[in-house]
There are 2 protein chains.
Amino acid sequence: MGRHASGHVTLSDIAQACQISVSTVSIVLSEAPLSRHVADSTRKQIQATARRLGYHPDAYARSLRRRRTQTIGVLAFDMSDPFCIPVVSGIDEKLQPAHYFSLLVNAQTQRELFDRYFRMLLERRTEGVIVIASWVFEETGLLADIAKNHVPIVIVGRDLTRRRITSVLVNNRAGGALVMRHLASLGHRQIAVIRGPDEMFDSAPRWDGIRQAAVKAGIRLDPQLVFQLPNLSDPKSGFEGGVRFAKAMLASGRKFTAVLAFDDLTALGVVRGLSEAGLRIPQDCSVTGFDDVLPADVATPGITTVQQPLREMGLLATELMLKALDRGQQDEAQDAGPHIVQPRLVVRASSAPPCVGRQRCLETGDAI
Amino acid sequence: MGRHASGHVTLSDIAQACQISVSTVSIVLSEAPLSRHVADSTRKQIQATARRLGYHPDAYARSLRRRRTQTIGVLAFDMSDPFCIPVVSGIDEKLQPAHYFSLLVNAQTQRELFDRYFRMLLERRTEGVIVIASWVFEETGLLADIAKNHVPIVIVGRDLTRRRITSVLVNNRAGGALVMRHLASLGHRQIAVIRGPDEMFDSAPRWDGIRQAAVKAGIRLDPQLVFQLPNLSDPKSGFEGGVRFAKAMLASGRKFTAVLAFDDLTALGVVRGLSEAGLRIPQDCSVTGFDDVLPADVATPGITTVQQPLREMGLLATELMLKALDRGQQDEAQDAGPHIVQPRLVVRASSAPPCVGRQRCLETGDAI
DNA sequence: ACATTGATTTCAAACGTTTGAATCGTCTAC
DNA sequence: GTAGACGATTCAAACGTTTGAAATCAATGT
C-alpha cells in the first residue's frame, strides 16, 4: 500500500489490490457517467479499498488531464486590512456551491510580492483572478500577460473599467455625502475634515461627496480645518495621523464642533488626540469614521461611520467572475460601467448635536 | 500562438516557434543543470520567444512530473480572528526564501468546512499542513488519513503532542500570571475576573496562571466576581459578554477596583459596560485584556494587555515544518514536548492604581 | 582513416488521471 | 445459426512537463 515515492496512494494501487484495471477504478471513484455500467459488486469493492488505503485523487494529475483547475485566484493587497476579510468570506461563500476553490494570497502591500504572486496564480492556472485592492500602482506587463493567457479579472475596491477590467466598488461619493449630511442635520456648522491620502483610490470621490453635501447644507469648510493623510501603507498610519491632526486642530485656535475623518482608524486617532486634551466625545466634539471595521464598533464611544457592504461586494465580484467564465473566452464582451454598491450610515455614540462654548451641551440642535 | 484549448502557452508552442525540440526549451526555461551546455544563441532565442508569447510554466504538469508541489497548506480555523493574520504573515515570510508557497484556507469556524478543506489540501498534495486553531473538536478520520499519506502537520495555538503532533503555543499560564501580577503591583486587591469559554484551549491554563499569581500575591478571588464566557464562536460574543458581565458586577454590589478579562474584545466590552454606568477607566476601575489585537491598541484608553508573539509563532511553526520535510518520511522521530513561546505584558492607559470610594484617586498605590 | 572527445541537441518514458473507442462475453431475436 | 444488442470492463492516448540516456555533428589526437 502506497509504495510510491510520493508516499501517496494512487489509482493503480487500488487497481492492483482489486485485480482490476485502472480505468474502471477511475470511472468509479470519479463518478463518471460510465460508472452506471459498472457492476455493483465491483463498485463496492473499489470504494471499500479506496477508503481502506486512504486514497485521495491527485488534483494535479486530474486538472492536467481535465484541463480545468476549478480554482479562482484571490489576490488581496493587504490582508491585515480589516476591509479584506469580509470580502473574502463573500467570495468563498459564492464559490463553494459552484464547486470552485479560492486560492488566496496576500501581497502585504508590497509591489514586488504582488507581481510574484500574480505570476504564481498564472502558473497555478487559476481560471480567473479577483483582486482586492484600494491602493494605486502601475500594473504594466502583468495585465498584458493576463490578457495573452485569457484569464478574466475582477477588481474590488477600484474602478479600472477604463482598462476594460470588471470593477466592483462602493459609492464613495454617496458615502461621503452621507456623513456630511448626518453632521449637518445634527446642527454642526464648523466641521474639521481629514482627507485620505492621494494614492488611495477612495480619497477623491469621498472628498467630492463631502464637499458637495457641505455646499448643499450651506456649510463652509474652513481650509485651515482640512487636513490630508500622507501616503503611507502602514495600517496604523491612519490612527497616528488622526492623533496628530486632532492636536493640530486644537492648536489652530479655530472653533469646530465635529471632525469628519477619512476612515475609522483615523477617527479613533482623533478620539485619542482630543481625549488627551481633555475633551469628551461626543459632548464636546463629534467624530465620524468610514468603513465600519471592528474597532469602530467595540470602542467606547462607538464610532459613527459608513458601512460598506463588503460581503455583498465579494458575492457580486464572484458572480461576475462566474458569469465571465461561463461566457468562455470567445465572447469577450465586457460589461461597460463599474458595478457600484451603496453604502449605509451607521450611527453610534460618537456623534451628537453640537455644544456651545465647548462645555455645556445644547438640548437640541436642529439647524437645517 | 496559444492554439491550445486551455488558452495557455505551452513549451511546445515555443518549440514550434523556434524550430527546436521541447526538451531544449524545457531545459532552458526551467534553468536545469543541463542548460549550461545549451548554446548561447539558442538560449537567447528561447527566452525571447517565451517572453513574447507570455509563457508561464504549468504548475500542474511540472509538479506532477517532479513529484514536488512546493506547497504548504495553511488551515486557519477562523480568519476573521485577528489572531490569525500575523501568524500567517510569519509563515509566508519564512516560506518564501525556502521557495515554498502557502495554500491558505479559512474554515470559518465550521466543522464541515474544516473537513472539506483538509481533504482539499490532501488532494492538492500539499507537502505539509500548518493548522491555526484554538477551538477544540474531534479530528477523527482525517488525522488517520493524513498519517497514511505521510503528510507532516504542525499546529499553532493548541497542544496536541499527546497525539504526536508538533505543537506551537504561547505560555498561557505565564500570560495569565503576568496580568494578575501587574494588577497586584498597582495595588489592586479586589479583582473581578472573566474566564474564557470551556471549549477554547487557552481558557484553562490562563485561568491557572491567574489563580496561582493571585495566591502568591495574597489576593482572594471572590467567586461572586468570577464570570465565564459561553461557548460561542461568533467573534463579537466576547465583547457582548464583557458588557453583560460588567453590568452584572455592578449589580452584584460587591466592591472591585479592577477587571481582568479573558481577551481584548471582552475587555473592550467591560469598558463599554462600565462607561455606560458612568465609571471612568482607569480612574474608577482598571481593565485588562489579552492578545493585543488592533482594537486594544487604538481604543481610548488603550487596553493594557498581553501580547502573544504571533509572527514569531508563525516563523517557528514553519521552521519546524521545513525541518520535518527535510528529515523526509523515513525518520518519523517527533520532537517530544510542545514548543512554547513567551508572552509579553503591554501596559497601556486602561490600568492604573486603584481609588478609594470609587471617586477620588489615590496618589500612589504601592501595596505589595 | 578511425577512435575519442566534447558540445549541443533530441528521444522517449514517466508522473496520475480521464475518456472515446475498442474488446469480450453473454443474451435475445429472427 | 448468425446478427445485433447489451453489459461490463479494458486499451491506449492524451494533458504539459522533466530528465536519464542516447544521438548528432564537428573537431581533435593518434
# chains A, B, ... in the order shown; residues from 1 in each chain; ligands from 1

$ select_by_dssp --residues "stretch 240-276 of chain A" --states "helix (DSSP H, G or I)" --output "list of chain:residue names"
A:Glu240, A:Gly241, A:Gly242, A:Val243, A:Arg244, A:Phe245, A:Ala246, A:Lys247, A:Ala248, A:Met249, A:Leu250, A:Ala251, A:Ser252, A:Asp264, A:Leu265, A:Thr266, A:Ala267, A:Leu268, A:Gly269, A:Val270, A:Val271, A:Arg272, A:Gly273, A:Leu274, A:Ser275, A:Glu276

$ write_last_selection --atoms "C-alpha atoms" --output "mmCIF file, in the first residue's frame"
data_model
loop_
_atom_site.group_PDB
_atom_site.id
_atom_site.type_symbol
_atom_site.label_atom_id
_atom_site.label_comp_id
_atom_site.auth_asym_id
_atom_site.auth_seq_id
_atom_site.Cartn_x
_atom_site.Cartn_y
_atom_site.Cartn_z
ATOM 1 C CA GLU A 240 -1.364 58.230 14.136
ATOM 2 C CA GLY A 241 -2.400 60.829 11.598
ATOM 3 C CA GLY A 242 -5.681 61.226 13.453
ATOM 4 C CA VAL A 243 -3.925 61.855 16.748
ATOM 5 C CA ARG A 244 -1.569 64.368 15.174
ATOM 6 C CA PHE A 245 -4.250 66.283 13.276
ATOM 7 C CA ALA A 246 -6.508 66.412 16.348
ATOM 8 C CA LYS A 247 -3.773 68.230 18.200
ATOM 9 C CA ALA A 248 -3.179 70.478 15.209
ATOM 10 C CA MET A 249 -6.872 71.386 15.115
ATOM 11 C CA LEU A 250 -6.829 72.394 18.741
ATOM 12 C CA ALA A 251 -3.586 74.310 18.289
ATOM 13 C CA SER A 252 -5.011 76.214 15.327
ATOM 14 C CA ASP A 264 -12.395 54.518 11.170
ATOM 15 C CA LEU A 265 -8.809 54.229 12.304
ATOM 16 C CA THR A 266 -8.268 57.913 11.654
ATOM 17 C CA ALA A 267 -11.417 58.662 13.631
ATOM 18 C CA LEU A 268 -10.132 56.578 16.530
ATOM 19 C CA GLY A 269 -6.897 58.556 16.368
ATOM 20 C CA VAL A 270 -8.877 61.775 16.577
ATOM 21 C CA VAL A 271 -10.768 60.467 19.586
ATOM 22 C CA ARG A 272 -7.475 59.688 21.258
ATOM 23 C CA GLY A 273 -5.994 63.082 20.429
ATOM 24 C CA LEU A 274 -8.998 65.058 21.610
ATOM 25 C CA SER A 275 -9.384 62.939 24.760
ATOM 26 C CA GLU A 276 -5.798 63.514 25.731
#

$ residues_around --residues "D:DG20" --least-positions-apart "2" --cutoff "12 Å" --atoms "only C-alpha atoms (C1' of nucleotides)" --output "PyMOL selection string"
(chain B and resi 34) or (chain C and resi 11-14) or (chain D and resi 18+22)

$ write_last_selection --atoms "N, CA and C atoms (P, O5', C5', C4', C3', O3' and C1' of nucleotides)" --output "PDB file, in the first residue's frame"
ATOM      1  N   LEU B  34      21.505  21.124 -17.026  1.00  0.00           N
ATOM      2  CA  LEU B  34      21.927  20.910 -18.412  1.00  0.00           C
ATOM      3  C   LEU B  34      21.996  22.200 -19.224  1.00  0.00           C
TER       4      LEU B  34
ATOM      5  P    DC C  11      13.708  14.080 -31.767  1.00  0.00           P
ATOM      6  O5'  DC C  11      13.764  12.672 -31.012  1.00  0.00           O
ATOM      7  C5'  DC C  11      15.013  12.219 -30.580  1.00  0.00           C
ATOM      8  C4'  DC C  11      14.908  10.827 -29.986  1.00  0.00           C
ATOM      9  C3'  DC C  11      13.512  10.254 -29.857  1.00  0.00           C
ATOM     10  O3'  DC C  11      13.621   8.844 -29.945  1.00  0.00           O
ATOM     11  C1'  DC C  11      14.407  10.710 -27.701  1.00  0.00           C
ATOM     12  P    DA C  12      12.336   7.928 -30.073  1.00  0.00           P
ATOM     13  O5'  DA C  12      11.986   7.632 -28.542  1.00  0.00           O
ATOM     14  C5'  DA C  12      13.010   7.134 -27.697  1.00  0.00           C
ATOM     15  C4'  DA C  12      12.477   6.982 -26.293  1.00  0.00           C
ATOM     16  C3'  DA C  12      11.002   6.607 -26.220  1.00  0.00           C
ATOM     17  O3'  DA C  12      10.856   5.809 -25.073  1.00  0.00           O
ATOM     18  C1'  DA C  12      11.313   8.603 -25.071  1.00  0.00           C
ATOM     19  P    DA C  13       9.653   4.787 -24.984  1.00  0.00           P
ATOM     20  O5'  DA C  13       9.577   4.610 -23.403  1.00  0.00           O
ATOM     21  C5'  DA C  13      10.784   4.661 -22.645  1.00  0.00           C
ATOM     22  C4'  DA C  13      10.542   5.380 -21.341  1.00  0.00           C
ATOM     23  C3'  DA C  13       9.204   5.055 -20.675  1.00  0.00           C
ATOM     24  O3'  DA C  13       9.445   4.835 -19.316  1.00  0.00           O
ATOM     25  C1'  DA C  13       9.430   7.370 -20.876  1.00  0.00           C
ATOM     26  P    DA C  14       8.441   3.931 -18.502  1.00  0.00           P
ATOM     27  O5'  DA C  14       7.852   4.980 -17.434  1.00  0.00           O
ATOM     28  C5'  DA C  14       8.701   5.526 -16.448  1.00  0.00           C
ATOM     29  C4'  DA C  14       8.240   6.902 -16.097  1.00  0.00           C
ATOM     30  C3'  DA C  14       6.823   6.975 -15.505  1.00  0.00           C
ATOM     31  O3'  DA C  14       6.917   6.983 -14.096  1.00  0.00           O
ATOM     32  C1'  DA C  14       7.358   8.826 -16.935  1.00  0.00           C
TER      33       DA C  14
ATOM     34  P    DT D  18       9.619  21.778 -16.452  1.00  0.00           P
ATOM     35  O5'  DT D  18      10.102  20.272 -16.240  1.00  0.00           O
ATOM     36  C5'  DT D  18       9.884  19.651 -14.991  1.00  0.00           C
ATOM     37  C4'  DT D  18      10.499  18.272 -14.985  1.00  0.00           C
ATOM     38  C3'  DT D  18      12.027  18.232 -15.031  1.00  0.00           C
ATOM     39  O3'  DT D  18      12.415  17.333 -14.015  1.00  0.00           O
ATOM     40  C1'  DT D  18      11.121  16.830 -16.700  1.00  0.00           C
ATOM     41  P    DA D  22      21.654   4.539 -23.146  1.00  0.00           P
ATOM     42  O5'  DA D  22      21.415   5.311 -24.520  1.00  0.00           O
ATOM     43  C5'  DA D  22      20.084   5.368 -25.048  1.00  0.00           C
ATOM     44  C4'  DA D  22      20.082   6.382 -26.170  1.00  0.00           C
ATOM     45  C3'  DA D  22      21.188   6.183 -27.203  1.00  0.00           C
ATOM     46  O3'  DA D  22      20.598   6.115 -28.484  1.00  0.00           O
ATOM     47  C1'  DA D  22      21.102   8.430 -26.479  1.00  0.00           C
TER      48       DA D  22
END

$ interface_residues --of "chain B" --to "chain C" --cutoff "9 Å" --atoms "only C-alpha atoms (C1' of nucleotides)" --output "list in words"
Ile20, Ser21, Val22, Ser23, Thr24, His37, Val38, Ala39, Ala61, Ser63, Leu64, Arg65, Arg66 and Arg67 of chain B

$ interface_residues --of "chain A" --to "chain B" --cutoff "6 Å" --atoms "only C-alpha atoms" --output "VMD selection string"
chain A and resid 7 to 8 54 56 to 60 104 123 to 124 145 149 272 295 299 to 300

$ write_last_selection --atoms "C-alpha atoms" --output "compact mmCIF listing (two decimals), in the first residue's frame"
# COMPACT_ATOMS: atom_id res chain seq x y z
CA GLY A 7 4.03 8.42 -0.49
CA HIS A 8 0.56 8.89 -1.90
CA GLY A 54 -6.81 6.36 2.37
CA HIS A 56 -7.35 10.96 -2.30
CA PRO A 57 -7.33 11.82 -6.02
CA ASP A 58 -4.32 13.82 -7.17
CA ALA A 59 -5.61 17.27 -8.06
CA TYR A 60 -2.56 17.88 -10.22
CA LEU A 104 -5.87 33.23 -1.53
CA GLU A 123 1.27 29.23 -13.17
CA ARG A 124 -1.33 27.60 -10.99
CA ASP A 145 0.34 38.63 -19.82
CA ASN A 149 -3.44 33.91 -21.34
CA ARG A 272 -7.48 59.69 21.26
CA PRO A 295 -12.54 48.61 16.24
CA ALA A 299 -14.50 51.20 21.01
CA THR A 300 -16.23 53.39 23.60

$ select_by_dssp --residues "stretch 118-359 of chain B" --states "strand (DSSP E)" --output "VMD selection string"
chain B and resid 128 to 132 153 to 156 166 to 170 191 to 195 226 to 228 258 to 260 286 to 288 305 to 307 339 to 341 344 to 346 355 to 356

$ write_last_selection --atoms "N, CA and C atoms" --output "compact mmCIF listing (two decimals), in the first residue's frame"
# COMPACT_ATOMS: atom_id res chain seq x y z
N GLY B 128 2.94 19.60 3.43
CA GLY B 128 2.73 19.64 4.87
C GLY B 128 1.54 20.53 5.16
N VAL B 129 1.01 20.45 6.37
CA VAL B 129 -0.13 21.28 6.73
C VAL B 129 0.13 21.95 8.08
N ILE B 130 -0.06 23.28 8.09
CA ILE B 130 0.01 24.01 9.36
C ILE B 130 -1.41 24.41 9.72
N VAL B 131 -1.85 24.02 10.90
CA VAL B 131 -3.21 24.33 11.33
C VAL B 131 -3.15 25.44 12.38
N ILE B 132 -3.96 26.47 12.17
CA ILE B 132 -4.04 27.55 13.16
C ILE B 132 -5.41 27.47 13.80
N ILE B 153 2.30 17.48 10.01
CA ILE B 153 1.42 18.53 10.49
C ILE B 153 2.09 19.30 11.60
N VAL B 154 1.84 20.60 11.64
CA VAL B 154 2.21 21.42 12.79
C VAL B 154 0.98 22.20 13.18
N ILE B 155 0.68 22.25 14.47
CA ILE B 155 -0.49 23.00 14.89
C ILE B 155 -0.07 24.19 15.75
N VAL B 156 -0.69 25.33 15.48
CA VAL B 156 -0.37 26.55 16.22
C VAL B 156 -1.56 26.91 17.11
N THR B 166 3.33 17.91 16.23
CA THR B 166 4.16 19.04 16.64
C THR B 166 3.29 20.26 16.94
N SER B 167 3.47 20.87 18.10
CA SER B 167 2.59 21.95 18.54
C SER B 167 3.38 23.19 18.93
N VAL B 168 2.86 24.34 18.51
CA VAL B 168 3.48 25.62 18.88
C VAL B 168 2.44 26.42 19.64
N LEU B 169 2.77 26.84 20.86
CA LEU B 169 1.80 27.64 21.58
C LEU B 169 2.44 28.62 22.52
N VAL B 170 1.60 29.57 22.95
CA VAL B 170 2.09 30.58 23.86
C VAL B 170 1.94 30.05 25.28
N ILE B 191 -10.41 42.10 42.63
CA ILE B 191 -10.31 41.99 41.18
C ILE B 191 -11.37 41.04 40.64
N ALA B 192 -12.15 41.54 39.71
CA ALA B 192 -13.13 40.69 39.04
C ALA B 192 -12.44 40.00 37.87
N VAL B 193 -12.83 38.76 37.59
CA VAL B 193 -12.19 38.01 36.50
C VAL B 193 -13.26 37.47 35.56
N ILE B 194 -13.00 37.59 34.26
CA ILE B 194 -13.87 36.94 33.28
C ILE B 194 -13.06 35.85 32.59
N ARG B 195 -13.46 34.61 32.84
CA ARG B 195 -12.73 33.47 32.25
C ARG B 195 -13.19 33.21 30.82
N VAL B 226 -16.25 36.18 39.73
CA VAL B 226 -15.63 35.41 38.65
C VAL B 226 -16.73 34.97 37.68
N PHE B 227 -16.55 35.32 36.41
CA PHE B 227 -17.56 35.03 35.39
C PHE B 227 -16.93 34.16 34.31
N GLN B 228 -17.77 33.54 33.51
CA GLN B 228 -17.21 32.74 32.42
C GLN B 228 -17.99 32.94 31.13
N ALA B 258 -10.69 46.50 39.79
CA ALA B 258 -10.11 46.13 38.50
C ALA B 258 -10.85 44.93 37.92
N VAL B 259 -10.85 44.85 36.59
CA VAL B 259 -11.44 43.71 35.91
C VAL B 259 -10.38 43.09 35.01
N LEU B 260 -10.14 41.79 35.22
CA LEU B 260 -9.18 41.08 34.38
C LEU B 260 -9.99 40.25 33.39
N SER B 286 -9.74 49.71 36.78
CA SER B 286 -8.79 49.29 35.75
C SER B 286 -9.39 48.11 34.97
N VAL B 287 -8.99 47.97 33.72
CA VAL B 287 -9.46 46.85 32.89
C VAL B 287 -8.27 46.32 32.10
N THR B 288 -8.12 45.01 32.05
CA THR B 288 -7.03 44.44 31.24
C THR B 288 -7.57 43.38 30.28
N THR B 305 -2.63 44.86 28.08
CA THR B 305 -2.89 43.51 27.60
C THR B 305 -1.63 42.67 27.57
N VAL B 306 -1.77 41.43 27.13
CA VAL B 306 -0.62 40.55 27.00
C VAL B 306 -0.44 40.24 25.52
N GLN B 307 0.74 40.48 25.05
CA GLN B 307 0.99 40.28 23.63
C GLN B 307 1.54 38.88 23.38
N HIS B 339 6.24 23.24 21.68
CA HIS B 339 7.16 24.37 21.58
C HIS B 339 6.46 25.61 22.12
N ILE B 340 7.01 26.14 23.19
CA ILE B 340 6.30 27.20 23.91
C ILE B 340 7.01 28.54 23.79
N VAL B 341 6.26 29.55 23.37
CA VAL B 341 6.85 30.89 23.30
C VAL B 341 6.31 31.75 24.44
N ARG B 344 4.26 38.72 26.50
CA ARG B 344 4.88 39.95 26.97
C ARG B 344 3.77 40.90 27.42
N LEU B 345 3.95 41.51 28.57
CA LEU B 345 2.94 42.45 29.07
C LEU B 345 3.06 43.78 28.33
N VAL B 346 1.92 44.31 27.88
CA VAL B 346 1.92 45.63 27.25
C VAL B 346 1.05 46.55 28.09
N CYS B 355 -8.53 53.31 43.42
CA CYS B 355 -9.01 54.51 44.08
C CYS B 355 -9.76 54.13 45.34
N VAL B 356 -10.02 55.13 46.20
CA VAL B 356 -10.89 54.88 47.33
C VAL B 356 -12.27 55.44 47.02

$ residues_around --residues "B:Ala107" --least-positions-apart "4" --cutoff "10 Å" --atoms "only C-alpha atoms (C1' of nucleotides)" --output "ChimeraX atom specification"
/B:75-79,111-118,133

$ interface_residues --of "chain D" --to "chain A" --cutoff "10 Å" --atoms "only C-alpha atoms (C1' of nucleotides)" --output "short mmCIF file (atom, residue, chain, number, x, y, z; two decimals) with C-alpha atoms (C1' of nucleotides), in the first residue's frame"
data_model
loop_
_atom_site.label_atom_id
_atom_site.label_comp_id
_atom_site.auth_asym_id
_atom_site.auth_seq_id
_atom_site.Cartn_x
_atom_site.Cartn_y
_atom_site.Cartn_z
"C1'" DG D 7 -23.48 -5.12 -20.02
"C1'" DA D 8 -19.03 -4.94 -18.01
"C1'" DT D 9 -14.52 -3.96 -18.48
"C1'" DT D 10 -10.11 -2.55 -20.68
"C1'" DC D 11 -6.94 -0.14 -24.19
"C1'" DA D 14 -3.51 12.44 -24.05
"C1'" DC D 15 -2.72 16.61 -20.63
"C1'" DG D 16 2.45 19.69 -20.18
#

$ decode --residues "stretch 243-262 of chain B" --atoms "N, CA and C atoms" --output "PDB file, in the first residue's frame"
ATOM      1  N   VAL B 243     -19.750  43.342  28.138  1.00  0.00           N
ATOM      2  CA  VAL B 243     -20.751  44.347  28.504  1.00  0.00           C
ATOM      3  C   VAL B 243     -21.694  43.780  29.564  1.00  0.00           C
ATOM      4  N   ARG B 244     -22.161  42.580  29.299  1.00  0.00           N
ATOM      5  CA  ARG B 244     -23.147  41.965  30.196  1.00  0.00           C
ATOM      6  C   ARG B 244     -22.560  41.735  31.582  1.00  0.00           C
ATOM      7  N   PHE B 245     -21.370  41.183  31.624  1.00  0.00           N
ATOM      8  CA  PHE B 245     -20.768  40.867  32.920  1.00  0.00           C
ATOM      9  C   PHE B 245     -20.406  42.136  33.689  1.00  0.00           C
ATOM     10  N   ALA B 246     -20.027  43.198  32.973  1.00  0.00           N
ATOM     11  CA  ALA B 246     -19.719  44.452  33.653  1.00  0.00           C
ATOM     12  C   ALA B 246     -20.950  44.922  34.423  1.00  0.00           C
ATOM     13  N   LYS B 247     -22.088  44.831  33.758  1.00  0.00           N
ATOM     14  CA  LYS B 247     -23.323  45.260  34.438  1.00  0.00           C
ATOM     15  C   LYS B 247     -23.634  44.336  35.615  1.00  0.00           C
ATOM     16  N   ALA B 248     -23.360  43.037  35.409  1.00  0.00           N
ATOM     17  CA  ALA B 248     -23.611  42.080  36.492  1.00  0.00           C
ATOM     18  C   ALA B 248     -22.728  42.379  37.700  1.00  0.00           C
ATOM     19  N   MET B 249     -21.500  42.750  37.434  1.00  0.00           N
ATOM     20  CA  MET B 249     -20.578  43.083  38.534  1.00  0.00           C
ATOM     21  C   MET B 249     -21.124  44.235  39.360  1.00  0.00           C
ATOM     22  N   LEU B 250     -21.529  45.272  38.643  1.00  0.00           N
ATOM     23  CA  LEU B 250     -22.053  46.448  39.340  1.00  0.00           C
ATOM     24  C   LEU B 250     -23.317  46.083  40.112  1.00  0.00           C
ATOM     25  N   ALA B 251     -24.144  45.262  39.486  1.00  0.00           N
ATOM     26  CA  ALA B 251     -25.409  44.889  40.129  1.00  0.00           C
ATOM     27  C   ALA B 251     -25.175  44.034  41.370  1.00  0.00           C
ATOM     28  N   SER B 252     -24.072  43.298  41.372  1.00  0.00           N
ATOM     29  CA  SER B 252     -23.810  42.402  42.499  1.00  0.00           C
ATOM     30  C   SER B 252     -23.575  43.169  43.795  1.00  0.00           C
ATOM     31  N   GLY B 253     -23.220  44.446  43.664  1.00  0.00           N
ATOM     32  CA  GLY B 253     -22.994  45.245  44.861  1.00  0.00           C
ATOM     33  C   GLY B 253     -21.623  45.023  45.491  1.00  0.00           C
ATOM     34  N   ARG B 254     -20.894  44.028  45.027  1.00  0.00           N
ATOM     35  CA  ARG B 254     -19.539  43.787  45.540  1.00  0.00           C
ATOM     36  C   ARG B 254     -18.616  44.914  45.112  1.00  0.00           C
ATOM     37  N   LYS B 255     -17.555  45.097  45.886  1.00  0.00           N
ATOM     38  CA  LYS B 255     -16.603  46.132  45.537  1.00  0.00           C
ATOM     39  C   LYS B 255     -15.474  45.539  44.696  1.00  0.00           C
ATOM     40  N   PHE B 256     -15.073  46.211  43.634  1.00  0.00           N
ATOM     41  CA  PHE B 256     -13.917  45.772  42.845  1.00  0.00           C
ATOM     42  C   PHE B 256     -13.253  47.000  42.240  1.00  0.00           C
ATOM     43  N   THR B 257     -11.935  46.929  42.088  1.00  0.00           N
ATOM     44  CA  THR B 257     -11.200  48.083  41.561  1.00  0.00           C
ATOM     45  C   THR B 257     -10.556  47.763  40.217  1.00  0.00           C
ATOM     46  N   ALA B 258     -10.689  46.502  39.792  1.00  0.00           N
ATOM     47  CA  ALA B 258     -10.106  46.133  38.502  1.00  0.00           C
ATOM     48  C   ALA B 258     -10.849  44.933  37.919  1.00  0.00           C
ATOM     49  N   VAL B 259     -10.854  44.849  36.592  1.00  0.00           N
ATOM     50  CA  VAL B 259     -11.441  43.706  35.907  1.00  0.00           C
ATOM     51  C   VAL B 259     -10.382  43.087  35.014  1.00  0.00           C
ATOM     52  N   LEU B 260     -10.137  41.793  35.218  1.00  0.00           N
ATOM     53  CA  LEU B 260      -9.178  41.079  34.380  1.00  0.00           C
ATOM     54  C   LEU B 260      -9.990  40.246  33.387  1.00  0.00           C
ATOM     55  N   ALA B 261      -9.981  40.661  32.132  1.00  0.00           N
ATOM     56  CA  ALA B 261     -10.827  39.999  31.138  1.00  0.00           C
ATOM     57  C   ALA B 261     -10.040  38.961  30.351  1.00  0.00           C
ATOM     58  N   PHE B 262     -10.756  37.955  29.846  1.00  0.00           N
ATOM     59  CA  PHE B 262     -10.126  36.843  29.134  1.00  0.00           C
ATOM     60  C   PHE B 262      -9.330  37.301  27.915  1.00  0.00           C
TER      61      PHE B 262
END
